[in-house]
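The file run.cif comes next; it holds mmCIF, C-alpha atoms and all ligand atoms.
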data_entry
loop_
_atom_site.group_PDB
_atom_site.id
_atom_site.type_symbol
_atom_site.label_atom_id
_atom_site.label_comp_id
_atom_site.auth_asym_id
_atom_site.auth_seq_id
_atom_site.Cartn_x
_atom_site.Cartn_y
_atom_site.Cartn_z
ATOM 1 C CA MET N 44 5.099 21.387 0.176
ATOM 2 C CA LEU N 45 4.199 19.168 3.129
ATOM 3 C CA ILE N 46 6.002 15.984 3.963
ATOM 4 C CA SER N 47 3.571 13.543 5.525
ATOM 5 C CA SER N 48 4.761 12.193 8.870
ATOM 6 C CA PHE N 49 3.490 8.781 7.767
ATOM 7 C CA SER N 50 5.881 8.347 4.874
ATOM 8 C CA THR N 51 8.394 10.057 2.693
ATOM 9 C CA ILE N 52 6.232 10.600 -0.367
ATOM 10 C CA GLU N 53 5.923 14.262 -1.167
ATOM 11 C CA GLN N 54 2.448 15.580 -0.590
ATOM 12 C CA SER N 55 0.742 18.719 -1.833
ATOM 13 C CA SER N 56 -2.830 19.903 -2.083
ATOM 14 C CA LYS N 57 -2.216 22.211 -5.010
ATOM 15 C CA ILE N 58 0.275 21.916 -7.796
ATOM 16 C CA SER N 59 0.391 23.567 -11.218
ATOM 17 C CA SER N 60 0.897 21.457 -14.322
ATOM 18 C CA GLN N 61 4.304 23.090 -14.880
ATOM 19 C CA GLU N 62 5.452 22.267 -11.346
ATOM 20 C CA PHE N 63 4.098 18.751 -11.774
ATOM 21 C CA LYS N 64 6.044 18.233 -14.983
ATOM 22 C CA GLU N 65 9.305 19.842 -13.852
ATOM 23 C CA ASN N 66 9.546 18.606 -10.273
ATOM 24 C CA PHE N 67 7.968 15.179 -10.529
ATOM 25 C CA VAL N 68 7.538 13.778 -14.053
ATOM 26 C CA GLN N 69 10.936 14.920 -15.331
ATOM 27 C CA LYS N 70 12.685 13.931 -12.086
ATOM 28 C CA GLY N 71 10.921 10.571 -11.795
ATOM 29 C CA LYS N 72 9.522 11.407 -8.343
ATOM 30 C CA PRO N 73 6.145 10.259 -7.019
ATOM 31 C CA ILE N 74 3.692 12.721 -5.459
ATOM 32 C CA LEU N 75 0.396 12.500 -3.624
ATOM 33 C CA ILE N 76 -1.868 15.394 -4.589
ATOM 34 C CA SER N 77 -4.337 15.337 -1.733
ATOM 35 C CA GLY N 78 -7.939 16.451 -1.832
ATOM 36 C CA LYS N 79 -7.670 17.642 -5.425
ATOM 37 C CA LEU N 80 -10.903 15.948 -6.539
ATOM 38 C CA GLN N 81 -13.195 17.026 -3.691
ATOM 39 C CA LYS N 82 -15.655 18.643 -6.133
ATOM 40 C CA TRP N 83 -16.247 15.496 -8.163
ATOM 41 C CA PRO N 84 -19.894 14.346 -7.909
ATOM 42 C CA SER N 85 -18.615 10.749 -8.105
ATOM 43 C CA LEU N 86 -17.222 10.974 -4.568
ATOM 44 C CA ASN N 87 -20.736 10.891 -3.104
ATOM 45 C CA LYS N 88 -22.466 9.108 -5.934
ATOM 46 C CA TRP N 89 -20.524 6.057 -7.042
ATOM 47 C CA SER N 90 -20.954 2.520 -5.727
ATOM 48 C CA VAL N 91 -21.110 -0.888 -7.407
ATOM 49 C CA GLU N 92 -24.869 -0.718 -6.869
ATOM 50 C CA TYR N 93 -24.947 2.586 -8.792
ATOM 51 C CA PHE N 94 -23.004 1.065 -11.706
ATOM 52 C CA LYS N 95 -25.491 -1.811 -11.672
ATOM 53 C CA GLN N 96 -28.414 0.608 -11.945
ATOM 54 C CA LYS N 97 -26.710 2.390 -14.838
ATOM 55 C CA ALA N 98 -25.892 -0.804 -16.769
ATOM 56 C CA PRO N 99 -27.819 -3.792 -15.392
ATOM 57 C CA ASP N 100 -26.599 -6.123 -18.163
ATOM 58 C CA LEU N 101 -22.928 -5.240 -17.796
ATOM 59 C CA LYS N 102 -20.493 -8.172 -17.795
ATOM 60 C CA ILE N 103 -17.115 -7.646 -16.154
ATOM 61 C CA LEU N 104 -13.873 -9.556 -15.783
ATOM 62 C CA VAL N 105 -12.855 -10.275 -12.177
ATOM 63 C CA LYS N 106 -9.547 -11.650 -10.922
ATOM 64 C CA ASN N 107 -8.092 -13.685 -8.099
ATOM 65 C CA PHE N 108 -4.410 -13.289 -7.325
ATOM 66 C CA THR N 109 -3.515 -16.762 -6.042
ATOM 67 C CA THR N 110 -0.850 -17.546 -3.465
ATOM 68 C CA HIS N 111 1.083 -19.280 -6.263
ATOM 69 C CA ASN N 112 1.624 -15.952 -8.030
ATOM 70 C CA GLU N 113 -0.958 -16.717 -10.657
ATOM 71 C CA ILE N 114 -3.924 -14.679 -11.842
ATOM 72 C CA GLU N 115 -7.230 -16.482 -12.325
ATOM 73 C CA SER N 116 -9.883 -14.488 -14.121
ATOM 74 C CA ARG N 117 -13.518 -15.076 -14.925
ATOM 75 C CA LYS N 118 -16.451 -13.155 -16.337
ATOM 76 C CA THR N 119 -19.340 -12.231 -14.110
ATOM 77 C CA SER N 120 -22.292 -9.872 -14.150
ATOM 78 C CA ILE N 121 -22.248 -6.528 -12.376
ATOM 79 C CA GLU N 122 -25.322 -7.771 -10.528
ATOM 80 C CA GLU N 123 -23.572 -10.806 -9.067
ATOM 81 C CA TYR N 124 -20.486 -8.745 -8.259
ATOM 82 C CA ALA N 125 -22.487 -6.069 -6.416
ATOM 83 C CA GLY N 126 -24.060 -8.856 -4.337
ATOM 84 C CA LEU N 127 -20.690 -10.431 -3.495
ATOM 85 C CA ILE N 128 -19.209 -7.143 -2.322
ATOM 86 C CA LYS N 129 -22.243 -6.168 -0.262
ATOM 87 C CA ALA N 130 -22.339 -9.593 1.432
ATOM 88 C CA TYR N 131 -18.608 -9.426 2.200
ATOM 89 C CA GLU N 132 -18.814 -6.036 3.901
ATOM 90 C CA ILE N 133 -21.913 -7.025 5.917
ATOM 91 C CA HIS N 134 -20.405 -10.319 7.123
ATOM 92 C CA LYS N 135 -17.139 -8.628 7.969
ATOM 93 C CA ARG N 136 -18.879 -5.939 10.023
ATOM 94 C CA LYS N 137 -20.661 -8.652 11.991
ATOM 95 C CA GLY N 138 -17.368 -10.464 12.565
ATOM 96 C CA GLN N 139 -18.496 -13.477 10.513
ATOM 97 C CA SER N 140 -16.047 -15.331 8.315
ATOM 98 C CA VAL N 141 -16.583 -14.907 4.599
ATOM 99 C CA SER N 142 -14.344 -15.466 1.610
ATOM 100 C CA LEU N 143 -12.849 -12.481 -0.151
ATOM 101 C CA PRO N 144 -14.639 -11.573 -3.408
ATOM 102 C CA PRO N 145 -12.510 -11.446 -6.572
ATOM 103 C CA TYR N 146 -11.089 -8.092 -7.643
ATOM 104 C CA CYS N 147 -12.304 -6.164 -10.688
ATOM 105 C CA HIS N 148 -9.061 -4.875 -12.114
ATOM 106 C CA ASP N 149 -8.281 -2.843 -15.259
ATOM 107 C CA LEU N 150 -11.885 -2.315 -16.355
ATOM 108 C CA PRO N 151 -12.323 0.433 -19.015
ATOM 109 C CA LEU N 152 -15.588 1.523 -17.370
ATOM 110 C CA PHE N 153 -15.961 4.956 -19.032
ATOM 111 C CA SER N 154 -16.078 3.233 -22.404
ATOM 112 C CA LEU N 155 -18.739 0.846 -21.085
ATOM 113 C CA ILE N 156 -20.846 3.517 -19.286
ATOM 114 C CA PRO N 157 -19.956 6.871 -20.935
ATOM 115 C CA SER N 158 -22.435 8.837 -18.789
ATOM 116 C CA LEU N 159 -20.073 8.363 -15.797
ATOM 117 C CA VAL N 160 -17.616 10.841 -17.319
ATOM 118 C CA LYS N 161 -19.718 13.782 -16.136
ATOM 119 C CA ASP N 162 -19.196 12.615 -12.528
ATOM 120 C CA VAL N 163 -15.452 13.304 -12.685
ATOM 121 C CA GLN N 164 -15.553 17.016 -13.528
ATOM 122 C CA PRO N 165 -13.541 19.178 -13.353
ATOM 123 C CA PHE N 166 -11.028 16.679 -14.708
ATOM 124 C CA PRO N 167 -7.342 17.713 -14.264
ATOM 125 C CA LEU N 168 -6.447 17.075 -17.877
ATOM 126 C CA HIS N 169 -3.620 19.641 -17.749
ATOM 127 C CA TYR N 170 -1.398 17.054 -16.009
ATOM 128 C CA LEU N 171 -1.439 14.881 -19.140
ATOM 129 C CA PRO N 172 0.367 15.447 -22.461
ATOM 130 C CA LYS N 173 -1.904 17.054 -25.092
ATOM 131 C CA TRP N 174 -1.860 13.910 -27.236
ATOM 132 C CA TYR N 175 -4.036 12.157 -24.625
ATOM 133 C CA HIS N 176 -6.652 14.928 -24.347
ATOM 134 C CA TYR N 177 -8.893 13.785 -27.201
ATOM 135 C CA LYS N 178 -11.421 11.408 -25.589
ATOM 136 C CA TRP N 179 -9.050 11.027 -22.611
ATOM 137 C CA TRP N 180 -11.584 8.915 -20.703
ATOM 138 C CA ARG N 181 -10.891 5.989 -23.049
ATOM 139 C CA TYR N 182 -7.479 5.524 -21.379
ATOM 140 C CA CYS N 183 -8.925 5.119 -17.867
ATOM 141 C CA GLN N 184 -8.859 1.708 -16.208
ATOM 142 C CA PHE N 185 -10.933 1.031 -13.110
ATOM 143 C CA PHE N 186 -10.200 -0.934 -9.951
ATOM 144 C CA ILE N 187 -13.354 -1.932 -8.091
ATOM 145 C CA GLY N 188 -13.337 -4.234 -5.091
ATOM 146 C CA SER N 189 -14.234 -4.999 -1.494
ATOM 147 C CA SER N 190 -12.133 -4.014 1.501
ATOM 148 C CA ASP N 191 -9.072 -6.276 1.919
ATOM 149 C CA SER N 192 -8.614 -6.616 -1.866
ATOM 150 C CA ILE N 193 -4.941 -6.724 -2.722
ATOM 151 C CA THR N 194 -2.897 -6.061 -5.822
ATOM 152 C CA PRO N 195 0.454 -7.802 -5.281
ATOM 153 C CA LEU N 196 3.796 -6.097 -5.876
ATOM 154 C CA HIS N 197 4.386 -5.179 -9.530
ATOM 155 C CA PHE N 198 5.239 -2.332 -11.875
ATOM 156 C CA ASP N 199 3.026 -1.194 -14.735
ATOM 157 C CA CYS N 200 3.923 -3.363 -17.672
ATOM 158 C CA LEU N 201 4.540 -0.733 -20.400
ATOM 159 C CA LEU N 202 6.779 1.323 -18.063
ATOM 160 C CA THR N 203 4.305 4.166 -18.305
ATOM 161 C CA ASN N 204 3.699 7.037 -15.921
ATOM 162 C CA ASN N 205 0.651 6.361 -13.775
ATOM 163 C CA ILE N 206 -1.832 8.963 -12.601
ATOM 164 C CA PHE N 207 -4.184 7.318 -10.135
ATOM 165 C CA PHE N 208 -7.537 8.737 -8.965
ATOM 166 C CA GLN N 209 -9.097 7.548 -5.699
ATOM 167 C CA VAL N 210 -12.872 8.008 -5.700
ATOM 168 C CA VAL N 211 -14.469 5.771 -3.024
ATOM 169 C CA GLY N 212 -12.786 4.240 0.048
ATOM 170 C CA ARG N 213 -9.146 4.323 1.148
ATOM 171 C CA LYS N 214 -6.166 2.365 -0.137
ATOM 172 C CA LYS N 215 -2.831 1.630 1.459
ATOM 173 C CA PHE N 216 0.021 1.818 -1.029
ATOM 174 C CA THR N 217 3.525 0.478 -0.519
ATOM 175 C CA ILE N 218 5.777 1.731 -3.295
ATOM 176 C CA LEU N 219 9.434 1.228 -4.166
ATOM 177 C CA MET N 220 11.485 3.064 -6.752
ATOM 178 C CA HIS N 221 12.500 1.034 -9.815
ATOM 179 C CA GLU N 222 16.124 0.763 -8.580
ATOM 180 C CA ASP N 223 14.855 -1.459 -5.745
ATOM 181 C CA ALA N 224 13.398 -4.023 -8.158
ATOM 182 C CA GLU N 225 16.578 -6.112 -7.827
ATOM 183 C CA TYR N 226 15.811 -6.641 -4.111
ATOM 184 C CA CYS N 227 12.200 -7.737 -4.599
ATOM 185 C CA TYR N 228 12.562 -11.130 -6.351
ATOM 186 C CA ARG N 229 10.948 -10.795 -9.725
ATOM 187 C CA HIS N 230 9.102 -13.813 -11.083
ATOM 188 C CA SER N 231 7.938 -12.478 -14.457
ATOM 189 C CA TRP N 232 8.222 -9.278 -16.466
ATOM 190 C CA ARG N 233 6.205 -7.208 -14.005
ATOM 191 C CA TRP N 234 5.402 -9.258 -10.852
ATOM 192 C CA PHE N 235 7.500 -9.715 -7.685
ATOM 193 C CA LYS N 236 7.518 -12.383 -4.987
ATOM 194 C CA VAL N 237 8.057 -10.216 -1.892
ATOM 195 C CA ASN N 238 4.998 -9.218 0.093
ATOM 196 C CA PRO N 239 5.997 -5.765 1.394
ATOM 197 C CA GLU N 240 3.363 -5.934 4.154
ATOM 198 C CA ASN N 241 4.957 -9.010 5.675
ATOM 199 C CA PRO N 242 8.268 -9.725 3.955
ATOM 200 C CA ASP N 243 9.770 -13.161 4.531
ATOM 201 C CA LEU N 244 13.358 -12.058 5.063
ATOM 202 C CA ASP N 245 14.666 -15.631 5.425
ATOM 203 C CA LYS N 246 13.394 -16.424 1.966
ATOM 204 C CA TYR N 247 14.038 -12.987 0.477
ATOM 205 C CA PRO N 248 17.038 -11.539 2.394
ATOM 206 C CA GLU N 249 17.938 -8.982 -0.309
ATOM 207 C CA TYR N 250 14.709 -7.143 0.491
ATOM 208 C CA LYS N 251 16.461 -5.724 3.591
ATOM 209 C CA LYS N 252 18.235 -3.335 1.198
ATOM 210 C CA ALA N 253 14.983 -2.015 -0.304
ATOM 211 C CA LYS N 254 13.402 1.297 0.727
ATOM 212 C CA PRO N 255 9.619 0.875 0.717
ATOM 213 C CA ILE N 256 7.382 3.907 1.251
ATOM 214 C CA THR N 257 3.927 3.342 2.721
ATOM 215 C CA PHE N 258 1.044 5.817 2.729
ATOM 216 C CA ILE N 259 -2.716 6.020 2.483
ATOM 217 C CA VAL N 260 -4.612 7.382 -0.506
ATOM 218 C CA ASN N 261 -7.995 8.872 0.427
ATOM 219 C CA PRO N 262 -11.097 9.657 -1.661
ATOM 220 C CA GLY N 263 -10.394 12.806 -3.672
ATOM 221 C CA ASP N 264 -6.626 12.181 -3.863
ATOM 222 C CA ILE N 265 -4.443 11.814 -6.945
ATOM 223 C CA LEU N 266 -1.295 9.716 -6.832
ATOM 224 C CA TYR N 267 1.434 10.072 -9.431
ATOM 225 C CA MET N 268 3.907 7.205 -9.879
ATOM 226 C CA PRO N 269 6.801 7.501 -12.348
ATOM 227 C CA PRO N 270 7.590 4.683 -14.818
ATOM 228 C CA GLY N 271 8.752 1.457 -13.229
ATOM 229 C CA THR N 272 7.572 2.288 -9.679
ATOM 230 C CA LEU N 273 6.845 -0.964 -7.842
ATOM 231 C CA HIS N 274 3.533 -0.899 -5.988
ATOM 232 C CA HIS N 275 1.551 -3.146 -3.655
ATOM 233 C CA VAL N 276 -1.987 -1.970 -2.948
ATOM 234 C CA ARG N 277 -4.424 -2.930 -0.186
ATOM 235 C CA SER N 278 -8.003 -1.658 -0.094
ATOM 236 C CA LEU N 279 -8.846 -0.556 3.444
ATOM 237 C CA ASP N 280 -12.521 -0.062 2.534
ATOM 238 C CA MET N 281 -14.775 -1.060 -0.331
ATOM 239 C CA SER N 282 -13.039 0.913 -3.037
ATOM 240 C CA ILE N 283 -13.439 2.473 -6.474
ATOM 241 C CA SER N 284 -10.407 3.964 -8.214
ATOM 242 C CA PHE N 285 -9.174 4.452 -11.731
ATOM 243 C CA ASN N 286 -5.891 5.312 -13.363
ATOM 244 C CA ILE N 287 -4.390 6.424 -16.643
ATOM 245 C CA ASP N 288 -1.167 4.828 -17.847
ATOM 246 C CA TRP N 289 0.534 7.444 -20.023
ATOM 247 C CA HIS N 290 3.833 8.145 -21.669
ATOM 248 C CA THR N 291 6.017 11.149 -22.219
ATOM 249 C CA GLU N 292 8.238 11.117 -25.321
ATOM 250 C CA LYS N 293 11.114 9.968 -23.123
ATOM 251 C CA SER N 294 9.247 7.176 -21.337
ATOM 252 C CA SER N 295 7.742 5.878 -24.600
ATOM 253 C CA LEU N 296 11.244 5.576 -26.109
ATOM 254 C CA ASN N 297 12.466 3.872 -22.925
ATOM 255 C CA GLY N 298 9.512 1.546 -23.339
ATOM 256 C CA ILE N 299 10.899 0.462 -26.715
ATOM 257 C CA VAL N 300 14.493 0.133 -25.495
ATOM 258 C CA ALA N 301 13.115 -2.099 -22.705
ATOM 259 C CA SER N 302 12.739 -4.882 -25.277
ATOM 260 C CA LEU N 303 16.478 -5.435 -24.597
ATOM 261 C CA LYS N 304 15.679 -5.924 -20.909
ATOM 262 C CA GLY N 305 13.004 -8.574 -21.390
ATOM 263 C CA MET N 306 9.855 -6.538 -21.968
ATOM 264 C CA PRO N 307 7.375 -8.829 -23.807
ATOM 265 C CA HIS N 308 7.068 -8.085 -27.565
ATOM 266 C CA LYS N 309 3.407 -7.249 -27.253
ATOM 267 C CA ASN N 310 4.196 -4.515 -24.696
ATOM 268 C CA VAL N 311 6.926 -3.116 -26.953
ATOM 269 C CA TYR N 312 4.371 -2.970 -29.772
ATOM 270 C CA TYR N 313 2.012 -0.854 -27.625
ATOM 271 C CA ASN N 314 4.919 1.437 -26.720
ATOM 272 C CA PHE N 315 5.803 1.748 -30.391
ATOM 273 C CA LEU N 316 2.223 2.888 -31.119
ATOM 274 C CA ILE N 317 2.367 5.578 -28.431
ATOM 275 C CA THR N 318 5.802 6.706 -29.654
ATOM 276 C CA MET N 319 4.300 7.173 -33.135
ATOM 277 C CA GLY N 320 1.733 9.432 -31.513
ATOM 278 C CA LEU N 321 3.966 11.460 -29.206
ATOM 279 C CA LEU N 322 7.090 11.778 -31.342
ATOM 280 C CA LEU N 323 5.844 11.459 -34.892
ATOM 281 C CA LYS N 324 2.600 13.310 -34.059
ATOM 282 C CA VAL N 325 0.283 10.657 -35.465
ATOM 283 C CA PRO N 326 -3.143 11.693 -34.061
ATOM 284 C CA SER N 327 -4.635 9.570 -31.290
ATOM 285 C CA GLN N 328 -7.724 8.987 -33.475
ATOM 286 C CA ILE N 329 -5.492 6.880 -35.740
ATOM 287 C CA ILE N 330 -3.470 5.164 -32.999
ATOM 288 C CA PHE N 331 -6.272 4.355 -30.555
ATOM 289 C CA PRO N 332 -7.959 1.498 -32.482
ATOM 290 C CA PHE N 333 -4.641 -0.397 -32.398
ATOM 291 C CA TYR N 334 -3.868 0.517 -28.771
ATOM 292 C CA LYS N 335 -7.331 -0.291 -27.443
ATOM 293 C CA SER N 336 -6.642 -3.974 -26.774
ATOM 294 C CA TYR N 337 -3.958 -2.962 -24.217
ATOM 295 C CA LEU N 338 -6.728 -1.642 -21.994
ATOM 296 C CA ASN N 339 -8.054 -5.178 -21.514
ATOM 297 C CA TYR N 340 -4.703 -6.878 -21.606
ATOM 298 C CA VAL N 341 -3.642 -9.085 -18.706
ATOM 299 C CA SER N 342 0.121 -9.575 -18.765
HETATM 300 O O1 LIG M 1 -5.511 -0.128 -6.902
HETATM 301 C C1 LIG M 1 -5.013 -1.232 -7.082
HETATM 302 O O2 LIG M 1 -5.365 -2.240 -6.465
HETATM 303 C C2 LIG M 1 -3.915 -1.399 -8.090
HETATM 304 C C3 LIG M 1 -3.541 -0.133 -8.773
HETATM 305 C C4 LIG M 1 -2.471 -0.330 -9.789
HETATM 306 O O3 LIG M 1 -1.790 -1.327 -9.837
HETATM 307 C C5 LIG M 1 -2.233 0.712 -10.776
HETATM 308 O O4 LIG M 1 -2.851 1.787 -10.738
HETATM 309 O O5 LIG M 1 -1.395 0.473 -11.650
HETATM 310 FE FE FE M 2 -0.174 -1.087 -11.291
#
Output the file's structure in the form of structure tokens.
Amino acid sequence: MLISSFSTIEQSSKISSQEFKENFVQKGKPILISGKLQKWPSLNKWSVEYFKQKAPDLKILVKNFTTHNEIESRKTSIEEYAGLIKAYEIHKRKGQSVSLPPYCHDLPLFSLIPSLVKDVQPFPLHYLPKWYHYKWWRYCQFFIGSSDSITPLHFDCLLTNNIFFQVVGRKKFTILMHEDAEYCYRHSWRWFKVNPENPDLDKYPEYKKAKPITFIVNPGDILYMPPGTLHHVRSLDMSISFNIDWHTEKSSLNGIVASLKGMPHKNVYYNFLITMGLLLKVPSQIIFPFYKSYLNYVS
């Protein structure tokens, strides 16, 4: 195991599924598995332009995270979005001022363009519980955006494990373990007021007690974050990533108990569905039609 000099996240280039489960998932520890996806054709192939060629009529939902901690979303075409991103990167390179394009967040792109699945082979399915293996690509949610796109500080709303795949461009992550949530000034179930890149310590003095970890995720890397990990993400380049939010038996039960700690009812319902799958062995073919709406759900 290597410890990166840049941060304290554990880093490894090779890790068996057993080691992954025992040393990270069961212990609730994050890990950066670097360079694992180097063989994926998508690394050299994917761009917004490429998605546009594959599905010229595709409509996507894009978001703006406002300074008032609100999310504004609107529908646009992949064609318009490709144009916005291209123009942003060109203007930026020339040093011209240009407004930041919205961010395409939580897009279930493999379900919209199934032929993309062959670009992410070999897929490290062995890291996921067997229940998710059947048509696993349906659980993937994409993040597509220009450089400088930001996802503000939050945790994933079902308290799932998160396995995150970086395909194009680099991202800077700042993560905090769930215990530090009390120092980050929560303003809703999952969002926090502190900006870890430039914390206002006069306004948010408790943040001094928090222990943020900052590191860069490169194309070909996998990041694992345990349930409840707070994360703030900045795209350093035009970027394409996707993740899978997934439960173990233990985390799915915790995701039901969390109703006592303010988890919205709708989230508890999704966790109940997954618990039926993992614990009561109801096949994913039966559960998925009910779970599907989570994959477009903005909380
Ligand atoms: O990549 C991003 O901007 C956000 C990623 C994220 O929040 C997630 O994977 O849950
Ligand atoms: Fe997230």
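Contacts with ligand FE 2 (chain M) are defined as any residue atom within 9 Å of a ligand atom, using all atoms listed in the file; the residues meeting this criterion are Thr194, Leu196, His197, Phe198, Asp199, Cys200, Asn205, Thr272, Leu273, His274, His275, Val276, Asn286 and Asp288 of chain N.
Here CA of Lys118 (chain N) is placed at a distance of 16.7 Å from CA of Gln184 (chain N).
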Original post:
Closest to ligand LIG 1 (chain M) among N:Lys252, N:Arg213, N:Lys236, N:Arg229, using only C-alpha atoms and all ligand atoms?
Top reply: N:Arg213
Original post:
What lies within 6 Å of Pro270 (chain N) using all atoms listed in the file, ignoring chain neighbours under 2 positions off, as number ranges by chain?
Top reply: N: 202-204, 272
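Distances here use all atoms listed in the file; by that measure, the residue among N:Asn87, N:Ser140, N:Ser294, N:Asn261 closest to ligand LIG 1 (chain M) is N:Asn261.
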Original post:
Applied to this file, what does the PyMOL selection byres (((chain N and resi 151-164) around 6) and not hetatm) return in terms of residues, put as a ChimeraX atom specification?
Top reply: /N:83-85,150,165-166,181,183-184
**OP:** Please provide as an MDAnalysis selection string all residues within 10 Å of region 326-337 of chain N, with the sequence filter that same-chain residues fewer than 3 positions apart are discarded (counting all atoms listed in the file).
**Re:** chainID N and resid 149 151 174:179 181:182 201 309:310 312:321 323 340:342
Original post:
Ser60 (chain N): which residues within 10 Å, counting only C-alpha atoms, same-chain residues fewer than 3 positions away excluded, as a PyMOL selection string?
Top reply: chain N and resi 57+63-66+167-171
**OP:** Give me the residues within 7 Å of Gly188 (chain N) as a PyMOL selection string, counting only C-alpha atoms and dropping any in the same chain fewer than 6 places off.
**Re:** chain N and resi 146-147+281-283
What does the file look like for those residues with C-alpha atoms, as a PDB file, keeping the file's coordinate frame?
ATOM      1  CA  TYR N 146     -11.089  -8.092  -7.643  1.00  0.00           C
ATOM      2  CA  CYS N 147     -12.304  -6.164 -10.688  1.00  0.00           C
ATOM      3  CA  MET N 281     -14.775  -1.060  -0.331  1.00  0.00           C
ATOM      4  CA  SER N 282     -13.039   0.913  -3.037  1.00  0.00           C
ATOM      5  CA  ILE N 283     -13.439   2.473  -6.474  1.00  0.00           C
TER       6      ILE N 283
END
**OP:** Work out how far CA of Thr109 (chain N) is from CA of Ser278 (chain N), in Å to one decimal.
**Re:** 16.8 Å
Set up a box along x, y and z of the file covering all listed atoms of region 250-255 of chain N, add 4 Å on every one of the six sides, and write the centre and edge lengths in Å to one decimal, as lines of an AutoDock Vina configuration file.
center_x = 13.9
center_y = -2.9
center_z = 1.6
size_x = 16.6
size_y = 16.4
size_z = 11.9
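From CA of Gln54 (chain N) back to CA of Gln81 (chain N), the distance works out to 16.0 Å.
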**OP:** Could you state which residues are captured by the PyMOL selection byres (((chain N and resi 125-136) around 9) and not hetatm) in this file, as a ChimeraX atom specification?
**Re:** /N:90-92,94-95,120-124,137-145,188-190,280-281
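Distances from N:Leu266, N:Ile52, N:Val68, N:Leu101 to ligand LIG 1 (chain M) were compared using all atoms listed in the file, and the smallest one belongs to N:Leu266.
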Subject >> Given only C-alpha atoms as the counted atoms, nearest of N:Lys79, N:Lys173, N:His308, N:His290 to Trp232 (chain N) >> reply: N:His308
Determine, counting all atoms listed in the file, which protein, DNA and RNA residues have an atom within 10 Å of an atom of Glu240 (chain N); residues of the same chain fewer than 6 positions away are not included. Present the result as an mmCIF file with C-alpha atoms, in the frame of the given file.
data_model
loop_
_atom_site.group_PDB
_atom_site.id
_atom_site.type_symbol
_atom_site.label_atom_id
_atom_site.label_comp_id
_atom_site.auth_asym_id
_atom_site.auth_seq_id
_atom_site.Cartn_x
_atom_site.Cartn_y
_atom_site.Cartn_z
ATOM 1 C CA PHE N 216 0.021 1.818 -1.029
ATOM 2 C CA THR N 217 3.525 0.478 -0.519
ATOM 3 C CA PRO N 255 9.619 0.875 0.717
ATOM 4 C CA THR N 257 3.927 3.342 2.721
ATOM 5 C CA HIS N 275 1.551 -3.146 -3.655
ATOM 6 C CA VAL N 276 -1.987 -1.970 -2.948
ATOM 7 C CA ARG N 277 -4.424 -2.930 -0.186
#
**OP:** Take the point (4.9, -11.1, -6.6) in the file's coordinates, draw a sphere of radius 10 Å around it, and report as a PyMOL selection string every protein, DNA or RNA residue with an atom inside or on it, counting only C-alpha atoms.
**Re:** chain N and resi 108+110-113+194-197+227-231+233-239+275
**OP:** Please check which residues have atoms at most 12 Å from (18.1, 3.3, -7.5) in the file's coordinates, counting all atoms listed in the file, and write them as a ChimeraX atom specification.
**Re:** /N:71-72,219-226,252-254,271-272
Subject >> Option closest in space to ligand LIG 1 (chain M), from N:Glu62, N:Asp243, N:Glu292, N:Asp191 [counting only C-alpha atoms and all ligand atoms] >> reply: N:Asp191
Original post:
With only C-alpha atoms and all ligand atoms as the basis for distance, which of N:Gly298, N:Pro269, N:Pro172, N:Pro242 is at the shortest distance from ligand LIG 1 (chain M)?
Top reply: N:Pro269
Is it possible to add N, CA and C atoms to region 213-222 of chain N and hand it back as a PDB file, in the coordinates of the input?
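Output file result.pdb follows:
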ATOM      1  N   ARG N 213     -10.580   4.006   1.000  1.00  0.00           N
ATOM      2  CA  ARG N 213      -9.146   4.323   1.148  1.00  0.00           C
ATOM      3  C   ARG N 213      -8.302   3.125   0.698  1.00  0.00           C
ATOM      4  N   LYS N 214      -7.101   3.444   0.230  1.00  0.00           N
ATOM      5  CA  LYS N 214      -6.166   2.365  -0.137  1.00  0.00           C
ATOM      6  C   LYS N 214      -4.819   2.607   0.514  1.00  0.00           C
ATOM      7  N   LYS N 215      -4.199   1.528   0.931  1.00  0.00           N
ATOM      8  CA  LYS N 215      -2.831   1.630   1.459  1.00  0.00           C
ATOM      9  C   LYS N 215      -1.867   1.202   0.360  1.00  0.00           C
ATOM     10  N   PHE N 216      -0.990   2.102  -0.008  1.00  0.00           N
ATOM     11  CA  PHE N 216       0.021   1.818  -1.029  1.00  0.00           C
ATOM     12  C   PHE N 216       1.379   1.584  -0.365  1.00  0.00           C
ATOM     13  N   THR N 217       2.101   0.594  -0.842  1.00  0.00           N
ATOM     14  CA  THR N 217       3.525   0.478  -0.519  1.00  0.00           C
ATOM     15  C   THR N 217       4.246   0.544  -1.854  1.00  0.00           C
ATOM     16  N   ILE N 218       5.082   1.554  -2.008  1.00  0.00           N
ATOM     17  CA  ILE N 218       5.777   1.731  -3.295  1.00  0.00           C
ATOM     18  C   ILE N 218       7.288   1.650  -3.104  1.00  0.00           C
ATOM     19  N   LEU N 219       7.958   1.250  -4.156  1.00  0.00           N
ATOM     20  CA  LEU N 219       9.434   1.228  -4.166  1.00  0.00           C
ATOM     21  C   LEU N 219       9.884   1.772  -5.510  1.00  0.00           C
ATOM     22  N   MET N 220      10.964   2.542  -5.492  1.00  0.00           N
ATOM     23  CA  MET N 220      11.485   3.064  -6.752  1.00  0.00           C
ATOM     24  C   MET N 220      12.057   1.911  -7.594  1.00  0.00           C
ATOM     25  N   HIS N 221      12.132   2.128  -8.900  1.00  0.00           N
ATOM     26  CA  HIS N 221      12.500   1.034  -9.815  1.00  0.00           C
ATOM     27  C   HIS N 221      13.877   0.423  -9.483  1.00  0.00           C
ATOM     28  N   GLU N 222      14.781   1.257  -8.934  1.00  0.00           N
ATOM     29  CA  GLU N 222      16.124   0.763  -8.580  1.00  0.00           C
ATOM     30  C   GLU N 222      16.054  -0.374  -7.563  1.00  0.00           C
TER      31      GLU N 222
END
